[in-house]
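Below: structure-v4.txt (compact mmCIF, C-alpha atoms (C1' of nucleotides) and all ligand atoms)
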# COMPACT_ATOMS: atom_id res chain seq x y z
CA GLY A 1 17.08 -5.48 -34.20
CA ASN A 2 20.40 -6.95 -33.08
CA ARG A 3 23.92 -6.66 -34.53
CA ILE A 4 24.45 -10.41 -33.99
CA ASP A 5 21.91 -11.07 -36.78
CA PHE A 6 23.94 -9.13 -39.31
CA PHE A 7 27.65 -8.39 -39.41
CA GLY A 8 30.08 -6.70 -37.07
CA SER A 9 32.13 -4.80 -39.60
CA LEU A 10 33.13 -4.63 -43.25
CA LEU A 11 36.72 -5.31 -44.27
CA LEU A 12 38.16 -2.47 -46.28
CA ALA A 13 40.75 -2.70 -49.02
CA VAL A 14 42.33 -0.32 -51.51
CA TYR A 15 43.65 -1.08 -54.95
CA CYS A 16 47.39 -1.01 -55.40
CA MET A 17 48.20 0.13 -58.95
CA LYS A 18 51.79 -1.07 -58.89
CA GLU A 19 51.04 -4.61 -57.75
CA LYS A 20 47.57 -4.73 -59.34
CA LYS A 21 46.21 -6.14 -56.10
CA PHE A 22 43.85 -5.24 -53.28
CA LYS A 23 45.44 -4.38 -49.96
CA PHE A 24 43.73 -4.55 -46.55
CA VAL A 25 43.29 -1.17 -44.83
CA GLY A 26 40.95 -1.82 -41.90
CA HIS A 27 37.53 -2.74 -40.54
CA THR A 28 34.52 -0.47 -40.44
CA GLY A 29 31.66 -1.37 -38.13
CA SER A 30 30.50 2.16 -37.47
CA GLY A 31 28.01 4.23 -39.37
CA PHE A 32 25.29 1.62 -39.82
CA ASP A 33 21.78 1.97 -38.54
CA TYR A 34 19.66 -1.15 -38.45
CA LYS A 35 17.96 -0.44 -41.75
CA LEU A 36 21.27 -0.01 -43.54
CA LEU A 37 22.69 -3.03 -41.74
CA ASP A 38 19.87 -5.11 -43.15
CA THR A 39 20.16 -3.93 -46.76
CA VAL A 40 23.95 -4.23 -46.76
CA TYR A 41 23.80 -7.68 -45.22
CA SER A 42 21.47 -9.02 -47.89
CA LYS A 43 23.51 -7.36 -50.64
CA LEU A 44 26.58 -9.16 -49.34
CA GLN A 45 24.86 -12.56 -49.28
CA GLU A 46 24.97 -12.64 -53.08
CA LEU A 47 28.68 -11.88 -53.20
CA LYS A 48 29.99 -14.58 -50.86
CA ILE A 49 33.17 -16.36 -51.96
CA GLU A 50 35.38 -18.99 -50.34
CA SER A 51 38.87 -17.56 -50.64
CA MET A 52 40.44 -14.40 -49.48
CA PRO A 53 40.60 -11.77 -52.26
CA ILE A 54 43.57 -10.07 -50.66
CA ASP A 55 47.12 -11.24 -50.14
CA HIS A 56 47.58 -10.64 -46.54
CA LEU A 57 45.36 -10.09 -43.53
CA PRO A 58 47.47 -8.68 -40.69
CA TYR A 59 44.86 -9.34 -38.01
CA MET A 60 41.31 -10.46 -37.61
CA ASN A 61 38.70 -9.08 -35.21
CA ARG A 62 36.48 -12.10 -35.59
CA GLU A 63 35.58 -14.83 -38.04
CA THR A 64 35.54 -13.47 -41.57
CA THR A 65 33.20 -14.10 -44.48
CA TRP A 66 34.75 -13.14 -47.82
CA VAL A 67 32.91 -11.39 -50.61
CA LYS A 68 33.85 -10.39 -54.15
CA PRO A 69 35.75 -7.10 -54.00
CA ILE A 70 33.30 -5.14 -56.15
CA LEU A 71 31.51 -2.85 -53.74
CA VAL A 72 33.00 0.60 -53.25
CA ALA A 73 32.53 2.23 -49.87
CA GLU A 74 33.19 5.78 -48.88
CA VAL A 75 34.48 5.98 -45.34
CA LYS A 76 35.65 8.69 -43.02
CA PHE A 77 38.49 7.99 -40.66
CA ASN A 78 40.73 9.57 -38.14
CA VAL A 79 44.31 9.02 -39.34
CA TRP A 80 46.42 6.34 -40.97
CA THR A 81 48.21 4.18 -38.46
CA LYS A 82 51.91 3.64 -38.99
CA ASP A 83 51.06 0.28 -40.57
CA GLY A 84 48.87 1.91 -43.20
CA ILE A 85 45.57 0.99 -41.53
CA MET A 86 42.68 3.42 -41.15
CA ARG A 87 42.05 4.40 -37.55
CA ALA A 88 38.36 4.30 -36.51
CA PRO A 89 36.84 4.25 -40.00
CA ILE A 90 33.17 5.17 -40.24
CA PHE A 91 31.03 3.93 -43.12
CA LEU A 92 29.37 6.79 -44.97
CA ARG A 93 27.86 5.32 -48.16
CA PHE A 94 28.37 3.05 -51.10
CA ARG A 95 29.71 4.73 -54.24
CA GLU A 96 28.03 3.11 -57.21
CA ASP A 97 29.78 5.70 -59.38
CA LYS A 98 33.28 4.39 -58.60
CA LYS A 99 35.03 1.24 -59.70
CA PRO A 100 36.97 -0.83 -57.15
CA THR A 101 40.18 -0.16 -59.05
CA GLU A 102 39.66 3.56 -58.53
CA CYS A 103 40.18 3.02 -54.80
CA THR A 104 43.77 3.98 -54.52
CA ILE A 105 45.81 5.76 -51.97
CA GLN A 106 46.89 9.12 -53.26
CA ALA A 107 50.57 9.88 -53.64
CA ASP A 108 51.40 6.41 -52.38
CA ASN A 109 51.87 8.23 -49.14
CA PRO A 110 49.08 7.51 -46.73
CA THR A 111 49.05 10.52 -44.48
CA LYS A 112 45.78 12.28 -45.01
CA GLY A 113 42.39 10.87 -44.09
CA ASP A 114 40.36 12.84 -46.56
CA SER A 115 38.02 10.37 -48.14
CA ASN A 116 35.04 12.59 -47.54
CA ASP A 117 35.14 16.01 -49.06
CA VAL A 118 31.54 15.25 -49.91
CA GLY A 119 30.49 15.94 -46.33
CA TYR A 120 27.40 14.39 -44.91
CA GLU A 121 24.17 15.97 -43.85
CA ILE A 122 24.20 17.93 -40.65
CA LYS A 123 20.81 18.95 -39.41
CA GLU A 124 20.72 22.70 -39.40
CA GLN A 125 20.73 23.93 -35.79
CA SER A 126 18.21 26.62 -35.04
CA HIS A 127 19.58 29.82 -33.59
CA ASN A 128 18.17 32.92 -31.95
CA SER A 129 19.23 36.52 -31.80
CA VAL A 130 21.94 36.02 -29.20
CA ASP A 131 23.38 32.95 -30.86
CA VAL A 132 22.68 30.19 -28.38
CA LYS A 133 22.29 26.82 -30.07
CA ILE A 134 18.81 25.36 -29.75
CA SER A 135 18.36 21.62 -29.95
CA ASN A 136 15.01 20.00 -30.77
CA PRO A 137 13.18 23.32 -31.17
CA ASP A 138 10.02 21.60 -32.36
CA LYS A 139 9.69 19.12 -29.52
CA VAL A 140 6.26 19.54 -27.96
CA TYR A 141 6.55 20.65 -24.32
CA TRP A 142 2.91 21.57 -23.65
CA SER A 143 0.25 19.70 -25.53
CA LYS A 144 -2.69 21.49 -27.04
CA THR A 145 -5.62 22.33 -24.77
CA ARG A 146 -8.96 24.04 -25.23
CA GLU A 147 -7.24 27.26 -24.19
CA HIS A 148 -4.08 27.20 -26.22
CA PRO A 149 -2.28 25.45 -29.10
CA GLU A 150 0.65 23.18 -28.39
CA PHE A 151 3.80 24.87 -27.14
CA THR A 152 7.19 23.66 -28.26
CA LYS A 153 10.60 23.91 -26.73
CA LYS A 154 11.18 26.88 -29.01
CA ASP A 155 8.18 28.58 -27.40
CA LEU A 156 9.72 27.99 -23.98
CA ILE A 157 12.93 29.64 -25.10
CA ASN A 158 11.09 32.49 -26.77
CA TYR A 159 9.28 33.17 -23.51
CA TYR A 160 12.51 33.44 -21.55
CA GLU A 161 14.03 35.60 -24.26
CA PHE A 162 11.06 37.91 -23.95
CA ILE A 163 10.96 37.94 -20.14
CA GLY A 164 14.75 38.20 -19.75
CA PRO A 165 14.81 41.89 -18.83
CA LEU A 166 12.31 41.24 -16.01
CA ILE A 167 13.58 37.94 -14.64
CA LEU A 168 17.35 38.43 -14.92
CA PRO A 169 17.62 40.98 -12.07
CA HIS A 170 16.00 38.39 -9.78
CA LEU A 171 18.43 35.65 -10.80
CA LYS A 172 21.58 37.76 -10.74
CA ASP A 173 24.41 36.32 -8.61
CA ARG A 174 22.18 33.64 -7.12
CA PRO A 175 23.08 29.95 -7.32
CA LEU A 176 20.38 28.40 -9.49
CA SER A 177 18.67 25.04 -9.25
CA LEU A 178 17.21 23.96 -12.56
CA SER A 179 13.93 22.11 -12.73
CA ARG A 180 14.28 20.32 -16.04
CA TYR A 181 11.61 18.72 -18.23
CA PRO A 182 13.61 17.57 -21.25
CA ASN A 183 10.58 15.74 -22.62
CA GLY A 184 7.93 18.31 -21.87
CA ILE A 185 5.64 18.77 -18.86
CA HIS A 186 4.38 15.18 -18.99
CA GLY A 187 7.84 13.62 -19.30
CA LYS A 188 10.24 12.71 -16.54
CA SER A 189 11.61 15.76 -14.77
CA PHE A 190 14.49 16.28 -12.39
CA TYR A 191 16.31 18.96 -10.46
CA HIS A 192 19.78 19.80 -11.61
CA LYS A 193 22.21 21.63 -9.35
CA ASN A 194 25.72 20.44 -9.94
CA TRP A 195 27.07 21.35 -13.39
CA ASP A 196 30.04 19.15 -14.24
CA GLN A 197 29.81 19.24 -18.02
CA PRO A 198 31.34 21.55 -20.58
CA LYS A 199 29.59 24.90 -20.80
CA PRO A 200 29.84 28.09 -22.84
CA ASP A 201 32.13 30.78 -21.42
CA PHE A 202 29.25 33.19 -20.89
CA VAL A 203 27.69 30.89 -18.29
CA MET A 204 28.98 31.58 -14.78
CA THR A 205 29.18 28.96 -12.07
CA ALA A 206 30.02 29.08 -8.37
CA GLN A 207 31.26 26.47 -5.95
CA VAL A 208 28.93 26.06 -3.01
CA HIS A 209 29.77 23.70 -0.21
CA SER A 210 27.31 20.90 0.42
CA GLU A 211 27.43 19.29 3.84
CA GLN A 212 25.57 16.23 2.64
CA ARG A 213 28.00 15.30 -0.09
CA ASN A 214 30.94 16.75 1.83
CA ASP A 215 32.03 18.40 -1.37
CA ASN A 216 31.23 21.43 -3.44
CA ILE A 217 28.33 21.79 -5.79
CA ASN A 218 29.15 23.72 -8.94
CA TYR A 219 26.00 25.79 -9.27
CA ILE A 220 24.99 27.58 -12.44
CA VAL A 221 24.52 31.32 -11.96
CA CYS A 222 22.33 33.01 -14.56
CA ASN A 223 23.78 36.47 -14.99
CA ASN A 224 23.00 37.23 -18.61
CA LYS A 225 20.50 36.66 -21.35
CA GLU A 226 22.64 34.10 -23.13
CA SER A 227 22.81 32.00 -19.99
CA LEU A 228 19.05 32.19 -19.59
CA LEU A 229 18.47 30.85 -23.09
CA TRP A 230 21.14 28.20 -22.69
CA ILE A 231 19.46 27.07 -19.47
CA ALA A 232 16.06 27.01 -21.17
CA ASN A 233 17.58 24.87 -23.91
CA LEU A 234 18.39 22.28 -21.24
CA GLY A 235 14.65 21.83 -20.92
CA CYS A 236 14.58 23.93 -17.78
CA ILE A 237 11.04 25.21 -17.31
CA GLU A 238 11.38 26.46 -13.73
CA MET A 239 14.18 28.71 -12.45
CA HIS A 240 14.85 28.07 -8.75
CA PRO A 241 17.27 30.68 -7.42
CA TRP A 242 18.74 30.74 -3.93
CA TYR A 243 17.59 33.47 -1.53
CA SER A 244 21.15 34.76 -1.14
CA ARG A 245 23.55 36.29 -3.62
CA ILE A 246 27.21 35.70 -4.22
CA ASN A 247 29.09 38.82 -3.29
CA ASP A 248 32.48 37.78 -4.56
CA PHE A 249 32.86 35.00 -7.10
CA ASP A 250 36.61 34.78 -6.54
CA SER A 251 36.30 33.98 -2.86
CA CYS A 252 33.45 31.61 -3.63
CA ASN A 253 35.51 29.69 -6.10
CA SER A 254 38.62 29.60 -3.97
CA SER A 255 39.06 26.80 -1.49
CA SER A 256 39.42 29.19 1.39
CA LEU A 257 37.66 28.06 4.51
CA LEU A 258 36.14 31.46 4.96
CA TYR A 259 34.76 31.72 1.50
CA GLU A 260 31.15 31.40 2.51
CA GLU A 261 31.48 34.29 4.94
CA LYS A 262 33.12 36.44 2.34
CA CYS A 263 30.86 35.57 -0.52
CA GLU A 264 27.79 36.10 1.66
CA LEU A 265 26.02 32.97 0.55
CA ASN A 266 24.73 32.25 4.03
CA PHE A 267 22.87 35.52 4.19
CA PRO A 268 19.53 35.62 2.40
CA ASP A 269 18.15 38.93 1.20
CA PHE A 270 14.56 37.85 1.61
CA ILE A 271 12.36 35.64 3.72
CA VAL A 272 9.65 33.71 1.97
CA PHE A 273 6.33 32.61 3.39
CA ASP A 274 5.22 29.63 1.38
CA LEU A 275 1.47 29.05 1.69
CA ASP A 276 0.45 25.61 0.41
CA PRO A 277 -3.28 24.88 0.53
CA TYR A 278 -4.24 21.32 1.40
CA ILE A 279 -7.74 21.79 0.17
CA TYR A 280 -8.66 19.14 -2.30
CA SER A 281 -10.59 19.54 -5.50
CA GLY A 282 -12.06 16.09 -4.96
CA LYS A 283 -10.69 14.80 -8.24
CA GLU A 284 -7.34 13.67 -6.81
CA LYS A 285 -6.45 10.00 -6.63
CA ARG A 286 -5.64 8.61 -3.21
CA GLY A 287 -2.37 9.96 -1.87
CA GLN A 288 -2.13 12.57 -4.59
CA GLU A 289 -1.29 16.18 -3.79
CA PRO A 290 -4.22 18.58 -3.93
CA GLU A 291 -4.51 19.91 -7.46
CA TYR A 292 -5.35 23.46 -8.40
CA ASN A 293 -8.85 24.49 -7.40
CA ARG A 294 -10.68 27.74 -6.82
CA ALA A 295 -11.56 26.99 -3.17
CA GLY A 296 -7.95 26.18 -2.37
CA PHE A 297 -6.79 29.41 -3.89
CA ARG A 298 -9.44 31.48 -2.05
CA ALA A 299 -8.39 29.94 1.26
CA THR A 300 -4.77 30.77 0.49
CA VAL A 301 -5.65 34.35 -0.40
CA GLU A 302 -7.48 34.67 2.91
CA VAL A 303 -4.44 33.48 4.86
CA ALA A 304 -2.20 35.72 2.76
CA PHE A 305 -4.24 38.79 3.71
CA GLU A 306 -4.12 37.83 7.39
CA LEU A 307 -0.36 37.45 7.15
CA TYR A 308 -0.10 40.79 5.34
CA ASP A 309 -2.02 42.51 8.15
CA PHE A 310 0.02 40.84 10.85
CA LEU A 311 3.31 41.74 9.18
CA ARG A 312 2.12 45.30 8.73
CA GLU A 313 1.41 45.52 12.45
CA LEU A 314 5.04 44.53 12.91
CA LYS A 315 6.01 47.28 10.43
CA ILE A 316 7.19 44.68 7.97
CA ARG A 317 6.60 45.25 4.28
CA SER A 318 5.71 42.22 2.20
CA TYR A 319 5.19 41.39 -1.46
CA ILE A 320 3.15 38.61 -2.97
CA LYS A 321 3.32 36.53 -6.12
CA THR A 322 1.29 33.71 -7.55
CA SER A 323 3.06 30.42 -8.03
CA GLY A 324 1.06 29.46 -11.10
CA LYS A 325 -1.01 27.02 -9.07
CA SER A 326 -3.06 27.47 -5.88
CA VAL A 327 0.04 28.26 -3.85
CA LEU A 328 1.02 31.82 -2.92
CA HIS A 329 4.49 33.08 -2.06
CA ILE A 330 4.95 36.12 0.16
CA TYR A 331 8.35 37.77 0.14
CA VAL A 332 9.83 39.98 2.82
CA PRO A 333 13.06 41.69 1.77
CA VAL A 334 15.71 41.73 4.50
CA ILE A 335 19.18 43.20 4.82
CA ASN A 336 21.50 40.30 4.22
CA ASN A 337 22.89 40.38 7.75
CA TYR A 338 21.15 37.34 9.16
CA PRO A 339 22.04 33.75 8.28
CA TYR A 340 19.48 31.28 6.97
CA GLU A 341 19.20 29.75 10.38
CA GLN A 342 17.82 33.01 11.75
CA THR A 343 15.45 33.77 8.89
CA ARG A 344 14.12 30.23 9.14
CA ASN A 345 13.60 30.60 12.89
CA PHE A 346 11.85 33.92 12.36
CA SER A 347 9.61 32.32 9.78
CA GLU A 348 8.81 29.49 12.18
CA ILE A 349 7.80 31.95 14.89
CA ILE A 350 5.51 33.81 12.50
CA ALA A 351 4.06 30.49 11.36
CA LYS A 352 3.34 29.35 14.90
CA ILE A 353 1.67 32.68 15.70
CA MET A 354 -0.47 32.40 12.58
CA VAL A 355 -1.52 28.90 13.61
CA SER A 356 -2.51 30.15 17.07
CA LYS A 357 -4.43 33.07 15.57
CA PHE A 358 -6.16 30.99 12.88
CA PRO A 359 -6.14 27.37 14.00
CA ASN A 360 -8.84 26.46 11.49
CA LYS A 361 -7.09 27.99 8.53
CA VAL A 362 -3.36 27.54 9.01
CA THR A 363 -1.29 24.48 9.84
CA THR A 364 2.37 23.62 10.23
CA GLU A 365 1.68 19.88 10.52
CA TRP A 366 4.30 17.71 8.96
CA ASN A 367 1.89 14.86 8.39
CA THR A 368 0.07 15.70 5.17
CA LEU A 369 -3.12 13.97 6.32
CA LYS A 370 -3.34 16.36 9.27
CA ARG A 371 -2.98 19.33 6.94
CA LYS A 372 -6.23 18.54 5.23
CA GLY A 373 -8.57 21.50 4.90
CA ASN A 374 -5.91 24.00 5.97
CA VAL A 375 -3.20 26.08 4.39
CA PHE A 376 0.24 24.64 5.14
CA PHE A 377 2.62 27.37 6.33
CA ASP A 378 5.92 25.92 5.12
CA TYR A 379 8.48 27.78 7.22
CA ASN A 380 11.21 25.22 6.45
CA GLN A 381 11.28 26.64 2.97
CA ASN A 382 13.69 29.22 4.43
CA SER A 383 16.45 26.70 5.12
CA ARG A 384 19.76 27.09 3.38
CA GLY A 385 19.77 25.51 -0.06
CA LYS A 386 15.98 25.47 -0.39
CA THR A 387 14.55 27.23 -3.41
CA LEU A 388 11.26 28.22 -5.00
CA ALA A 389 10.34 28.89 -8.60
CA SER A 390 11.30 32.53 -9.08
CA VAL A 391 9.00 35.31 -10.04
CA TYR A 392 8.30 35.26 -13.84
CA SER A 393 9.27 31.59 -13.92
CA LEU A 394 7.20 29.47 -16.24
CA ARG A 395 5.49 26.49 -14.58
CA PRO A 396 4.97 22.97 -15.91
CA THR A 397 1.19 23.27 -15.73
CA GLU A 398 -1.26 22.31 -18.47
CA SER A 399 -2.03 25.95 -19.17
CA ALA A 400 1.63 27.06 -18.99
CA THR A 401 1.13 29.43 -16.08
CA ILE A 402 3.65 31.96 -14.82
CA SER A 403 4.64 32.93 -11.30
CA MET A 404 3.45 36.51 -11.26
CA PRO A 405 3.95 39.38 -8.78
CA ILE A 406 0.62 40.81 -7.67
CA ASN A 407 -0.34 44.12 -6.15
CA TRP A 408 -1.93 43.39 -2.77
CA LYS A 409 -4.86 45.59 -3.74
CA LYS A 410 -5.63 43.37 -6.71
CA LEU A 411 -5.13 40.02 -5.02
CA ASP A 412 -8.82 39.62 -4.40
CA SER A 413 -9.71 39.97 -8.02
CA ILE A 414 -7.23 37.68 -9.75
CA LEU A 415 -6.77 33.97 -10.39
CA PRO A 416 -3.34 32.39 -10.70
CA THR A 417 -4.41 30.71 -13.91
CA GLU A 418 -4.92 33.98 -15.72
CA PHE A 419 -1.18 34.62 -15.98
CA ARG A 420 0.03 32.38 -18.78
CA LYS A 421 2.76 32.18 -21.31
CA SER A 422 0.15 32.72 -23.98
CA ASN A 423 -0.91 36.13 -22.65
CA SER A 424 2.36 37.28 -21.08
CA LEU A 425 2.93 39.70 -23.94
C1' DT B 1 20.17 16.78 -22.60
C1' DT B 2 24.53 14.95 -22.52
C1' DA B 3 28.35 11.69 -21.60
C1' DT B 4 29.84 7.13 -22.10
C1' DC B 5 30.19 2.57 -23.78
C1' DA B 6 29.80 -1.13 -27.12
C1' DG B 7 28.84 -2.66 -31.69
C1' DC C 1 28.49 6.83 -36.45
C1' DT C 2 24.29 4.52 -34.20
C1' DG C 3 21.88 2.91 -30.35
C1' DA C 4 21.32 2.03 -25.43
C1' DT C 5 21.81 3.49 -20.93
C1' DA C 6 22.74 6.22 -16.96
C1' DA C 7 22.79 10.49 -14.37
C1' DC C 8 20.87 14.87 -13.47
C1' DA C 9 18.81 17.41 -5.25
C1' DA C 10 18.93 18.08 -0.71
C1' DG C 11 17.15 19.74 4.10
C1' DC C 12 14.06 18.64 7.75
C1' DA C 13 10.91 15.64 10.60
C1' DG C 14 9.80 11.58 12.52
C1' DC C 15 10.48 6.80 13.50
C1' DG D 1 19.99 5.44 9.13
C1' DC D 2 15.79 5.28 6.41
C1' DT D 3 11.39 7.28 4.58
C1' DG D 4 8.30 10.88 3.39
C1' DC D 5 7.66 15.57 2.08
C1' DT D 6 8.87 19.64 -0.13
MN MN E 1 5.03 25.82 -2.06
MN MN E 2 6.06 24.21 0.40

Show this structure as structure tokens.
Ligand SMILES: [Mn+2]
Ligand SMILES: [Mn+2]
Amino acid sequence: GNRIDFFGSLLLAVYCMKEKKFKFVGHTGSGFDYKLLDTVYSKLQELKIESMPIDHLPYMNRETTWVKPILVAEVKFNVWTKDGIMRAPIFLRFREDKKPTECTIQADNPTKGDSNDVGYEIKEQSHNSVDVKISNPDKVYWSKTREHPEFTKKDLINYYEFIGPLILPHLKDRPLSLSRYPNGIHGKSFYHKNWDQPKPDFVMTAQVHSEQRNDNINYIVCNNKESLLWIANLGCIEMHPWYSRINDFDSCNSSSLLYEEKCELNFPDFIVFDLDPYIYSGKEKRGQEPEYNRAGFRATVEVAFELYDFLRELKIRSYIKTSGKSVLHIYVPVINNYPYEQTRNFSEIIAKIMVSKFPNKVTTEWNTLKRKGNVFFDYNQNSRGKTLASVYSLRPTESATISMPINWKKLDSILPTEFRKSNSL
DNA sequence: TTATCAG
DNA sequence: CTGATAACAAGCAGC
DNA sequence: GCTGCT
């Protein structure tokens, strides 16, 4: 499995009718996989000769082994150089149907690199109704379980195509962090915020200043169905939108110092109460996060109801969604007049009150060991730049759960695991 | 998944 | 062209 | 400034 064991490149020559001689036209080292490298190398062993079968070799890339000029190769190349050498030739195939003397340069005028009207195989790309290219549609993202068959990348994209009308209004004009699983839920995942690669025109982006990198982050903004599918094709399972919207893309993308004021990015339009149960199923390995379990969810529901009551006393309306695991997210819409700093502080105050009211149920402890047995009230989740998986976002769980909005009245009678990709229709 | 680099 | 490799986040707490 | 946690 190493190029050193074979050859670096083949020397190419064409037949000159006038002089009845072969003329050097370049090296080709590209286009070989290891299997081909091996078969070509052994084929060449039988054809070794001592002397050079061409008149003149203008340059050498490395030590050369000569072979009888009887193999005909079809190559693709960029252009002819001014010296009549092929630029960047790529080996395509041997042509057993052609004789070496048929390898001539047309019109004696080497201008066109057109050795390959044959065309080589291009794997057909799969498309969907809005014409976004899908790569690796059959890659398995969720393996088969007792509950459901395996789900592929295509299934992921189909889900977002289906849910588009519901999820898009929640993503509109919000900078989006992508939580990507390009090799499925068991593969390596990563967050992706800064988009610095080519993108289709229908995908919008917005410059958002990052203090940490002292530079802007070019966030993706998912404002249409095409973008949603394109994002899903990046292996993005979870959509993590900001809590604030961009009011004015122009001012956001200008370098004006005031742009953040004008584009309103510092002003969230909701506060989120993130309730994370630290109630263990007992099956976790040491140091592992608590995994989904019924008791953990029940404890979270209990805290959620207490929070609902308390907020209602304050005349504050709240909405709840499952996260797809034991965690619950409670949203309070606000007029976007208060910066993140204030919504975070408000959330902290509510959290501290909840701890004092229910010291045996709620905690704001930073140390995870001290959270044990309680529901962690994560008020820092309201800091600028923090995100959560949005409502209707798919989650990288075994059963392919969905973050689902729930009517408070029904909260007592549901389980987060009952909302799945497989029954979302 | 994509860009980049070397063979 | 093939194959290998690298990059893909950031705020807050606490020491 | 570094580490852990989210
Ligand atoms: Mn959470
Ligand atoms: Mn949290």

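Taking atom CA of Leu166 of chain A and atom CA of Ser323 of chain A as the two end points, the separation is 16.3 Å.
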
Give me, as a PyMOL selection string, all polymer residues having an atom no more than 10 Å from DT2 of chain C, counting only C-alpha atoms (C1' of nucleotides) and skipping those fewer than 5 positions away in the same chain. (chain A and resi 30-34) or (chain B and resi 7)

Every residue with an atom at most 10 Å from (45.9, -4.9, -53.3) (file coordinates; only C-alpha atoms (C1' of nucleotides)) is what I'm after, so could you write them as a PyMOL selection string? chain A and resi 13-25+53-56+101+103-104

What are the residues of chain A that have an atom within 12 Å of an atom of chain D, counting all atoms listed in the file, as a PyMOL selection string? chain A and resi 274+276+287+289+365-369+376-383+386-388

Expected answer as a PDB file with C-alpha atoms (C1' of nucleotides), keeping the file's coordinate frame: chain B residues within 9 Å of chain A, all atoms listed in the file:
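Output (result.pdb):
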ATOM      1  C1'  DT B   1      20.170  16.780 -22.600  1.00  0.00           C
ATOM      2  C1'  DT B   2      24.530  14.950 -22.520  1.00  0.00           C
ATOM      3  C1'  DA B   3      28.350  11.690 -21.600  1.00  0.00           C
ATOM      4  C1'  DG B   7      28.840  -2.660 -31.690  1.00  0.00           C
TER       5       DG B   7
END

For chain C, which residue out of A:Pro89, A:Pro241, A:Gly296, A:Pro175 is the nearest one, using only C-alpha atoms (C1' of nucleotides)? A:Pro89

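Near chain A, counting all atoms listed in the file at 7 Å, the chain C residues are DC1, DT2, DC8 and DA9 of chain C.
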
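In this model, the gap between atom CA of Glu50 of chain A and atom CA of Leu10 of chain A comes to 16.2 Å.
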
When you look at segment 342-355 of chain A with a cut-off of 12 Å (counting only C-alpha atoms (C1' of nucleotides)), what residues show up, excluding the ones that are within fewer than 5 positions of it in the same chain? I need them as a ChimeraX atom specification. /A:243-244,266-275,303-311,314,316,330-337,360-365,371,374-386 /C:12

What's around DT5 of chain C at 12 Å? Count only C-alpha atoms (C1' of nucleotides), leave out sequence neighbours fewer than 2 positions away in its own chain, and write the answer as a CSV table (one decimal) with C-alpha atoms (C1' of nucleotides), keeping the file's coordinate frame.
chain,number,residue,atom,x,y,z
B,2,DT,C1',24.5,15.0,-22.5
B,3,DA,C1',28.4,11.7,-21.6
B,4,DT,C1',29.8,7.1,-22.1
B,5,DC,C1',30.2,2.6,-23.8
B,6,DA,C1',29.8,-1.1,-27.1
C,3,DG,C1',21.9,2.9,-30.4
C,7,DA,C1',22.8,10.5,-14.4

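Atom CA of His329 of chain A to atom CA of Pro405 of chain A spans 9.2 Å [interatomic distance, one decimal].
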
Distance query Gly184 of chain A at most 12 Å, all atoms listed in the file, self and fewer than 4 positions along chain excluded, as a PDB file with C-alpha atoms, in the coordinates of the input:
ATOM      1  CA  ASN A 136      15.010  20.000 -30.770  1.00  0.00           C
ATOM      2  CA  PRO A 137      13.180  23.320 -31.170  1.00  0.00           C
ATOM      3  CA  ASP A 138      10.020  21.600 -32.360  1.00  0.00           C
ATOM      4  CA  LYS A 139       9.690  19.120 -29.520  1.00  0.00           C
ATOM      5  CA  VAL A 140       6.260  19.540 -27.960  1.00  0.00           C
ATOM      6  CA  TYR A 141       6.550  20.650 -24.320  1.00  0.00           C
ATOM      7  CA  TRP A 142       2.910  21.570 -23.650  1.00  0.00           C
ATOM      8  CA  SER A 143       0.250  19.700 -25.530  1.00  0.00           C
ATOM      9  CA  GLU A 150       0.650  23.180 -28.390  1.00  0.00           C
ATOM     10  CA  PHE A 151       3.800  24.870 -27.140  1.00  0.00           C
ATOM     11  CA  THR A 152       7.190  23.660 -28.260  1.00  0.00           C
ATOM     12  CA  LYS A 153      10.600  23.910 -26.730  1.00  0.00           C
ATOM     13  CA  LYS A 154      11.180  26.880 -29.010  1.00  0.00           C
ATOM     14  CA  ASP A 155       8.180  28.580 -27.400  1.00  0.00           C
ATOM     15  CA  LEU A 156       9.720  27.990 -23.980  1.00  0.00           C
ATOM     16  CA  SER A 179      13.930  22.110 -12.730  1.00  0.00           C
ATOM     17  CA  ARG A 180      14.280  20.320 -16.040  1.00  0.00           C
ATOM     18  CA  LYS A 188      10.240  12.710 -16.540  1.00  0.00           C
ATOM     19  CA  SER A 189      11.610  15.760 -14.770  1.00  0.00           C
ATOM     20  CA  PHE A 190      14.490  16.280 -12.390  1.00  0.00           C
ATOM     21  CA  ALA A 232      16.060  27.010 -21.170  1.00  0.00           C
ATOM     22  CA  ASN A 233      17.580  24.870 -23.910  1.00  0.00           C
ATOM     23  CA  LEU A 234      18.390  22.280 -21.240  1.00  0.00           C
ATOM     24  CA  GLY A 235      14.650  21.830 -20.920  1.00  0.00           C
ATOM     25  CA  CYS A 236      14.580  23.930 -17.780  1.00  0.00           C
ATOM     26  CA  ILE A 237      11.040  25.210 -17.310  1.00  0.00           C
ATOM     27  CA  ARG A 395       5.490  26.490 -14.580  1.00  0.00           C
ATOM     28  CA  PRO A 396       4.970  22.970 -15.910  1.00  0.00           C
ATOM     29  CA  THR A 397       1.190  23.270 -15.730  1.00  0.00           C
ATOM     30  CA  GLU A 398      -1.260  22.310 -18.470  1.00  0.00           C
ATOM     31  CA  ALA A 400       1.630  27.060 -18.990  1.00  0.00           C
TER      32      ALA A 400
END

Non-local contacts of Val72 of chain A (7 Å; all atoms listed in the file; under 6 positions in same chain excluded) as a list in words: Phe94, Arg95, Glu96, Lys98, Lys99 and Pro100 of chain A
